[in-house]
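*Asks:* Got a structure for you, written out below as C-alpha cells; questions coming shortly.
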Amino acid sequence: ANTKVGIVGIGFIGSDHLHRLTKTIANVDVTAVCDIIPGKAQKELDRQGLKAKDYHDYHDLVDDPNVDVVVCTASNEAHHEIVMAALQAGKFTFCEKPLALDAKDCMEIIKEEEKYGHRMLQVGFMRHYAPEYVQMKQMIDNDVIGKPLMMDERHYNQTQPEEYDSSRSIIETAIHEIDLDHWLLGEDYKNIRVLPVKKTRAVQNDQIQDPMIVMMETTSGINIYLQVFVRCQYGYDIKCDVIGEKGVLELPTVPQVAVRKDAEYSTAILTDWKARFESAYDIEFRDFMNHVSVKKSPVGPSAWDGYIAAVTADAALKSLADNGKVEELDFPKTPDFYTEK
Ligand code: ISE
C-alpha cells in the first residue's frame with residue numbers, strides 16, 4: 001500500500017513538495033493538507049488537480065489515522081509546535097529548515113524524539129543530496145586538493161519579501177551554509193561572526209542588514225567567508241569554493257544553454273531557488289520516503305544537525321547585534337542516538 005503523507009503549510013515550498021510527492025516520488029499518496037490561511041491549500045489542490053482532506057487545524061492532520069508521515073512546510077515560527085505534535089502522535093516527520101527558531105526549541109524536539117529510541121525526523125537540508133556537493137565532499141575526503149585551508153562562498157537571492165529581516169537572512173538563508181560547511185569539511189566550528197557592511201539601497205528599513213558577511217572558523221583553523229545578500233536583484237547565485245593546499249574545488253553553477261547573439265555571448269542565471277536545487281529535493285524525498293515507508297528511521301540530516309545549525313545561528317545573531325564581535329562556539333558530542341545506523 002502507498003504511504004500516506006500529510007503536508008502542513010502549502011506555501012512556496014509546500015506546494016512544490018505536494019507536486020513532488022504526488023508526481024515524482026513513487027508509492028506515496030498525499031492524503032491530507034493544511035494551511036493557516038483558509039482556502040489556500042484547497043486552491044493549490046485544485047490547481048494541481050489533486051484530492052486530499054483539507055484541514056484547518058494541523059492538530060487534526062497529525063492525529064488523522066489516514067496520515068502515516070507528516071511533512072512540515074509551514075512558516076519558520078510554526079515548525080517547533082507542529083513537529084512536537086507530529087512526534088507526539090508517533091508519526092515519522094520531515095521538517096523543512098530551519099528545524100526551529102533557536103537552539104532551545106530544537107533541543108525540545110530532540111528530547112521528544114529520544115523517547116522513541118530511534119530517529120523519527122529528518123530536516124530539509126537538501127544540499128546534502130545535491131550531486132555537486134556530494135562530489136565535493138568525496139573530493140575533500142579523498143584528499144584531491146590536500147588539506148582545505150579556506151572557503152569562499154556566496155548565497156544571493158534575487159529578492160525577498162519586504163518583511164524579511166536579518167534574523168531570517170541567518171536562520172533561513174545562511175543556515176544552508178552553516179549546516180553544510182562543517183559536513184563538507186568534517187569539522188566543527190570554533191567561532192562565528194557576522195559583519196555589518198555597506199547596505200544596499202534596495203532595503204528601506206532598518207530591520208535587515210543586507211548584504212552581510214558571515215565568517216566562521218573551524219576547530220583546525222579553516223576560515224570560511226560567506227556573503228549573504230538577499231536582494232542582489234540579478235538572480236539566485238550560489239558560490240562555493242574550497243581552497244586547499246594543492247588546489248581549489250569549485251561548485252559548478254547550473255548548466256544553461258549559452259546564447260551567441262547581437263555581438264554577445266551569454267548564459268542565463270536562475271532566479272528561483274526551488275529550480276536551482278530541484279534534483280536535490282527529489283533525491284532527498286526519495287531517500288526519506290524509502291526509509292519511512294518501511295518504518296525505518298530516516299538517515300538524512302537529523303534533528304541534531306538542526307540543533308547544531310541553530311546553536312551556530314543563535315551565535316551569529318548575537319554577533320550581528322554586537323557589531324561583528326567574534327562569538328565562540330563549543331559543541332557537545334553528538335549523542336549516540338544520532339550516530340547509530
Ligand atoms: C529559502 O527558504 C531557501 O531555502 C533558499 O534556499 C534560500 O536561498 C532562501 O534565502 C530562503 O528564503
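Identifiers in this document derive from the order of the C-alpha cells: chains are assigned A, B, ..., residues are numbered from 1 separately in each chain, and ligands are numbered from 1 in order of occurrence.
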Check every protein, DNA and RNA residue against ligand 1, keep those with an atom at most 6 Å away (counting only C-alpha atoms and all ligand atoms), and present them as JSON, numbers by chain.
*Replies:* {"A": [157, 172, 173, 273]}
*Asks:* Deliver the residues from the most recent selection as a file, using C-alpha atoms, as a PDB file, in the first residue's frame.
*Replies:*
ATOM      1  CA  ASN A 157      18.729  35.754  -3.575  1.00  0.00           C
ATOM      2  CA  GLU A 172      16.516  30.834   6.744  1.00  0.00           C
ATOM      3  CA  THR A 173      19.207  31.731   4.196  1.00  0.00           C
ATOM      4  CA  TRP A 273      15.886  28.716  -5.604  1.00  0.00           C
TER       5      TRP A 273
END
*Asks:* With a distance cut-off of 7 Å and only C-alpha atoms, select the neighbouring residues of range 300-304 of chain A, excluding the residue or stretch itself and same-chain residues fewer than 4 positions from it, and output the selection as an NGL selection string.
*Replies:* :A and (110 or 121-123 or 125 or 308)
*Asks:* Which parts of range 110-322 of chain A does DSSP call strand (DSSP E or B) when run on the backbone here, written out as a PyMOL selection string?
*Replies:* chain A and resi 121-123+148-156+189-196+212-218+223-229+237-244+248-250+259-261+264-266
*Asks:* Those same residues - N, CA and C atoms - I'd like them written as a short mmCIF file (atom, residue, chain, number, x, y, z; two decimals), in the first residue's frame.
*Replies:*
data_model
loop_
_atom_site.label_atom_id
_atom_site.label_comp_id
_atom_site.auth_asym_id
_atom_site.auth_seq_id
_atom_site.Cartn_x
_atom_site.Cartn_y
_atom_site.Cartn_z
N LEU A 121 12.80 11.77 12.67
CA LEU A 121 12.70 13.04 11.96
C LEU A 121 13.86 13.31 11.02
N GLN A 122 13.56 13.97 9.93
CA GLN A 122 14.61 14.46 9.02
C GLN A 122 14.38 15.94 8.77
N VAL A 123 15.48 16.69 8.72
CA VAL A 123 15.39 18.14 8.45
C VAL A 123 15.75 18.39 6.98
N PRO A 148 42.01 21.28 3.19
CA PRO A 148 41.31 22.54 2.95
C PRO A 148 41.83 23.62 3.90
N LEU A 149 42.01 24.83 3.36
CA LEU A 149 42.52 25.94 4.17
C LEU A 149 41.48 27.04 4.36
N MET A 150 40.69 27.27 3.30
CA MET A 150 39.71 28.36 3.34
C MET A 150 38.49 27.97 2.50
N MET A 151 37.37 28.65 2.76
CA MET A 151 36.21 28.51 1.88
C MET A 151 35.71 29.91 1.51
N ASP A 152 35.27 30.03 0.28
CA ASP A 152 34.79 31.31 -0.23
C ASP A 152 33.39 31.07 -0.80
N GLU A 153 32.39 31.67 -0.19
CA GLU A 153 31.01 31.34 -0.57
C GLU A 153 30.12 32.56 -0.78
N ARG A 154 29.10 32.32 -1.59
CA ARG A 154 28.11 33.36 -1.87
C ARG A 154 26.74 32.72 -1.76
N HIS A 155 25.84 33.38 -1.07
CA HIS A 155 24.43 32.95 -1.07
C HIS A 155 23.59 34.19 -1.35
N TYR A 156 23.24 34.34 -2.62
CA TYR A 156 22.48 35.51 -3.05
C TYR A 156 21.07 35.11 -3.47
N TYR A 189 32.70 23.95 14.13
CA TYR A 189 33.10 25.36 14.14
C TYR A 189 33.64 25.74 15.51
N LYS A 190 34.60 26.68 15.46
CA LYS A 190 35.19 27.21 16.69
C LYS A 190 34.55 28.57 17.01
N ASN A 191 34.29 29.34 15.97
CA ASN A 191 33.65 30.64 16.22
C ASN A 191 32.94 31.13 14.97
N ILE A 192 32.13 32.17 15.17
CA ILE A 192 31.39 32.80 14.06
C ILE A 192 31.29 34.29 14.34
N ARG A 193 31.29 35.06 13.27
CA ARG A 193 30.99 36.48 13.41
C ARG A 193 30.24 36.94 12.17
N VAL A 194 29.41 37.95 12.34
CA VAL A 194 28.65 38.48 11.21
C VAL A 194 28.92 39.97 11.11
N LEU A 195 29.51 40.37 10.00
CA LEU A 195 29.91 41.76 9.84
C LEU A 195 28.83 42.57 9.15
N PRO A 196 28.43 43.67 9.77
CA PRO A 196 27.52 44.57 9.08
C PRO A 196 28.35 45.36 8.07
N MET A 212 25.28 40.94 4.19
CA MET A 212 26.05 40.73 5.42
C MET A 212 27.18 39.73 5.12
N ILE A 213 28.25 39.81 5.88
CA ILE A 213 29.35 38.86 5.69
C ILE A 213 29.42 37.96 6.92
N VAL A 214 29.29 36.67 6.67
CA VAL A 214 29.36 35.69 7.76
C VAL A 214 30.74 35.04 7.71
N MET A 215 31.46 35.07 8.82
CA MET A 215 32.77 34.43 8.86
C MET A 215 32.77 33.36 9.94
N MET A 216 33.23 32.18 9.57
CA MET A 216 33.29 31.09 10.54
C MET A 216 34.70 30.51 10.52
N GLU A 217 35.09 29.97 11.66
CA GLU A 217 36.38 29.29 11.73
C GLU A 217 36.16 27.91 12.32
N THR A 218 36.78 26.91 11.72
CA THR A 218 36.62 25.54 12.24
C THR A 218 37.69 25.26 13.29
N ASN A 223 39.21 28.95 7.62
CA ASN A 223 38.39 30.15 7.62
C ASN A 223 37.36 30.12 6.50
N ILE A 224 36.13 30.42 6.85
CA ILE A 224 35.04 30.43 5.87
C ILE A 224 34.52 31.86 5.73
N TYR A 225 34.42 32.28 4.49
CA TYR A 225 33.96 33.64 4.21
C TYR A 225 32.71 33.52 3.35
N LEU A 226 31.58 33.94 3.88
CA LEU A 226 30.29 33.79 3.17
C LEU A 226 29.58 35.13 3.05
N GLN A 227 29.28 35.50 1.82
CA GLN A 227 28.49 36.72 1.60
C GLN A 227 27.03 36.33 1.45
N VAL A 228 26.19 36.91 2.29
CA VAL A 228 24.74 36.68 2.20
C VAL A 228 24.12 37.98 1.70
N PHE A 229 23.37 37.86 0.62
CA PHE A 229 22.79 39.07 0.01
C PHE A 229 21.42 38.66 -0.54
N ASP A 237 22.13 33.16 -6.84
CA ASP A 237 23.51 32.86 -7.16
C ASP A 237 24.21 32.21 -5.98
N ILE A 238 24.65 30.98 -6.19
CA ILE A 238 25.31 30.22 -5.13
C ILE A 238 26.75 29.92 -5.55
N LYS A 239 27.67 30.32 -4.70
CA LYS A 239 29.06 30.01 -4.99
C LYS A 239 29.67 29.25 -3.81
N CYS A 240 30.47 28.27 -4.11
CA CYS A 240 31.19 27.58 -3.04
C CYS A 240 32.55 27.11 -3.57
N ASP A 241 33.60 27.76 -3.12
CA ASP A 241 34.97 27.36 -3.45
C ASP A 241 35.63 26.84 -2.19
N VAL A 242 36.30 25.71 -2.32
CA VAL A 242 37.12 25.22 -1.20
C VAL A 242 38.57 25.33 -1.65
N ILE A 243 39.33 26.12 -0.93
CA ILE A 243 40.72 26.34 -1.29
C ILE A 243 41.61 25.44 -0.43
N GLY A 244 42.36 24.58 -1.09
CA GLY A 244 43.21 23.63 -0.36
C GLY A 244 44.68 23.90 -0.59
N VAL A 248 41.97 24.03 -5.83
CA VAL A 248 40.69 24.61 -5.44
C VAL A 248 39.55 23.75 -5.98
N LEU A 249 38.54 23.52 -5.17
CA LEU A 249 37.32 22.87 -5.66
C LEU A 249 36.27 23.95 -5.85
N GLU A 250 35.63 23.91 -7.00
CA GLU A 250 34.68 24.97 -7.33
C GLU A 250 33.32 24.36 -7.63
N VAL A 259 24.05 31.52 -25.30
CA VAL A 259 23.49 32.19 -26.47
C VAL A 259 24.56 33.10 -27.09
N ARG A 260 24.78 32.95 -28.40
CA ARG A 260 25.62 33.88 -29.14
C ARG A 260 24.68 34.70 -30.00
N LYS A 261 24.59 35.97 -29.73
CA LYS A 261 23.63 36.80 -30.45
C LYS A 261 23.95 38.27 -30.24
N GLU A 264 26.99 39.31 -28.58
CA GLU A 264 27.16 38.92 -27.17
C GLU A 264 27.20 37.42 -27.02
N TYR A 265 27.85 36.96 -25.98
CA TYR A 265 27.86 35.55 -25.62
C TYR A 265 27.36 35.49 -24.19
N SER A 266 26.19 34.85 -23.98
CA SER A 266 25.64 34.93 -22.62
C SER A 266 25.00 33.63 -22.17
#
*Asks:* For Gln207 in chain A, which residue out of A:Met289, A:Asp68, A:Lys295, A:Ala321 is the nearest one, using only C-alpha atoms?
*Replies:* A:Ala321
*Asks:* Hey, which of A:Leu101, A:Ile109, A:Ala275, A:Ala263 ends up closest to Ala309 in chain A? Count only C-alpha atoms.
*Replies:*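 Ranked by minimum distance to Ala309 in chain A, first place goes to A:Leu101.
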*Asks:* Could you tell me how far CA of Ala100 in chain A sits from CA of Ile36 in chain A, in Å to one decimal place?
*Replies:* 17.8 Å
*Asks:* Could you find all residues in range 232-341 of chain A that DSSP calls helix (DSSP H, G or I) from the backbone, and write them as a PyMOL selection string?
*Replies:* chain A and resi 273-276+278-292+303-321+336-338
*Asks:* Could the residues in this selection be saved with C-alpha atoms as an mmCIF file, in the first residue's frame?
*Replies:*
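Result went into selection30.cif, see below:
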data_model
loop_
_atom_site.group_PDB
_atom_site.id
_atom_site.type_symbol
_atom_site.label_atom_id
_atom_site.label_comp_id
_atom_site.auth_asym_id
_atom_site.auth_seq_id
_atom_site.Cartn_x
_atom_site.Cartn_y
_atom_site.Cartn_z
ATOM 1 C CA TRP A 273 15.886 28.716 -5.604
ATOM 2 C CA LYS A 274 13.395 25.853 -5.939
ATOM 3 C CA ALA A 275 14.591 25.287 -9.508
ATOM 4 C CA ARG A 276 18.292 25.531 -8.611
ATOM 5 C CA GLU A 278 15.200 20.693 -7.861
ATOM 6 C CA SER A 279 17.073 17.419 -8.253
ATOM 7 C CA ALA A 280 18.423 17.653 -4.701
ATOM 8 C CA TYR A 281 14.845 17.942 -3.384
ATOM 9 C CA ASP A 282 13.776 14.935 -5.482
ATOM 10 C CA ILE A 283 16.649 12.760 -4.259
ATOM 11 C CA GLU A 284 16.068 13.942 -0.695
ATOM 12 C CA PHE A 285 12.399 12.929 -0.695
ATOM 13 C CA ARG A 286 13.079 9.637 -2.432
ATOM 14 C CA ASP A 287 15.577 8.771 0.286
ATOM 15 C CA PHE A 288 13.323 9.932 3.120
ATOM 16 C CA MET A 289 10.259 8.073 1.794
ATOM 17 C CA ASN A 290 12.272 4.911 1.044
ATOM 18 C CA HIS A 291 13.086 4.684 4.734
ATOM 19 C CA VAL A 292 9.914 5.789 6.457
ATOM 20 C CA ALA A 303 17.293 16.926 14.468
ATOM 21 C CA TRP A 304 20.840 17.049 15.851
ATOM 22 C CA ASP A 305 22.011 18.711 12.634
ATOM 23 C CA GLY A 306 19.102 21.119 13.023
ATOM 24 C CA TYR A 307 20.198 21.801 16.600
ATOM 25 C CA ILE A 308 23.880 22.387 15.733
ATOM 26 C CA ALA A 309 22.845 24.774 12.967
ATOM 27 C CA ALA A 310 20.569 26.610 15.411
ATOM 28 C CA VAL A 311 23.333 26.945 18.036
ATOM 29 C CA THR A 312 25.526 28.468 15.325
ATOM 30 C CA ALA A 313 22.738 30.722 14.054
ATOM 31 C CA ASP A 314 21.982 31.940 17.609
ATOM 32 C CA ALA A 315 25.648 32.940 17.921
ATOM 33 C CA ALA A 316 25.545 34.625 14.503
ATOM 34 C CA LEU A 317 22.593 36.771 15.560
ATOM 35 C CA LYS A 318 24.387 37.704 18.755
ATOM 36 C CA SER A 319 27.455 38.718 16.793
ATOM 37 C CA LEU A 320 25.428 40.852 14.409
ATOM 38 C CA ALA A 321 23.759 42.625 17.323
ATOM 39 C CA ASP A 336 24.909 8.029 20.163
ATOM 40 C CA PHE A 337 21.265 8.117 19.244
ATOM 41 C CA TYR A 338 22.178 10.118 16.146
#
*Asks:* Calculated over only C-alpha atoms, which of the candidates A:Gly6, A:Pro335, A:Pro255, A:Gly146 has the smallest distance to Phe94 in chain A?
*Replies:*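 Among the listed residues, the smallest separation from Phe94 in chain A belongs to A:Gly6.
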*Asks:* So that I can check the surroundings of Cys72 in chain A, please list as a PyMOL selection string every protein, DNA and RNA residue that reaches within 9 Å of it, counting only C-alpha atoms and ignoring chain neighbours fewer than 3 positions away.
*Replies:* chain A and resi 6-9+14+75+78-79+82-83+93-96
*Asks:* Store the residues of this selection in a file with C-alpha atoms, as an mmCIF file, in the first residue's frame.
*Replies:*
data_model
loop_
_atom_site.group_PDB
_atom_site.id
_atom_site.type_symbol
_atom_site.label_atom_id
_atom_site.label_comp_id
_atom_site.auth_asym_id
_atom_site.auth_seq_id
_atom_site.Cartn_x
_atom_site.Cartn_y
_atom_site.Cartn_z
ATOM 1 C CA GLY A 6 0.027 14.893 5.298
ATOM 2 C CA ILE A 7 1.561 18.287 4.477
ATOM 3 C CA VAL A 8 1.265 21.219 6.874
ATOM 4 C CA GLY A 9 1.868 24.562 5.165
ATOM 5 C CA GLY A 14 4.872 23.244 0.451
ATOM 6 C CA SER A 75 6.462 29.197 8.346
ATOM 7 C CA ALA A 78 5.406 27.261 13.448
ATOM 8 C CA HIS A 79 7.933 24.440 12.891
ATOM 9 C CA ILE A 82 3.964 21.260 14.501
ATOM 10 C CA VAL A 83 6.961 18.929 14.786
ATOM 11 C CA THR A 93 8.269 13.644 10.285
ATOM 12 C CA PHE A 94 10.040 15.676 7.641
ATOM 13 C CA CYS A 95 10.586 19.304 8.654
ATOM 14 C CA GLU A 96 11.853 21.992 6.323
#
*Asks:* Nearest to Gly117 in chain A among A:Val5, A:Asp272, A:Tyr129, A:Ser297, with distances taken over only C-alpha atoms: which residue is it?
*Replies:* A:Ser297
*Asks:* Can you measure CA of Met120 in chain A to CA of Ala85 in chain A for me? One decimal in Å is fine.
*Replies:*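 We find that CA of Met120 in chain A and CA of Ala85 in chain A lie 12.6 Å from each other.
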*Asks:* Have a look at A:Ala130, A:Val33, A:Leu185, A:Val326 and name the one nearest to Val71 in chain A; count only C-alpha atoms.
*Replies:*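 The closest residue to Val71 in chain A is A:Val33.
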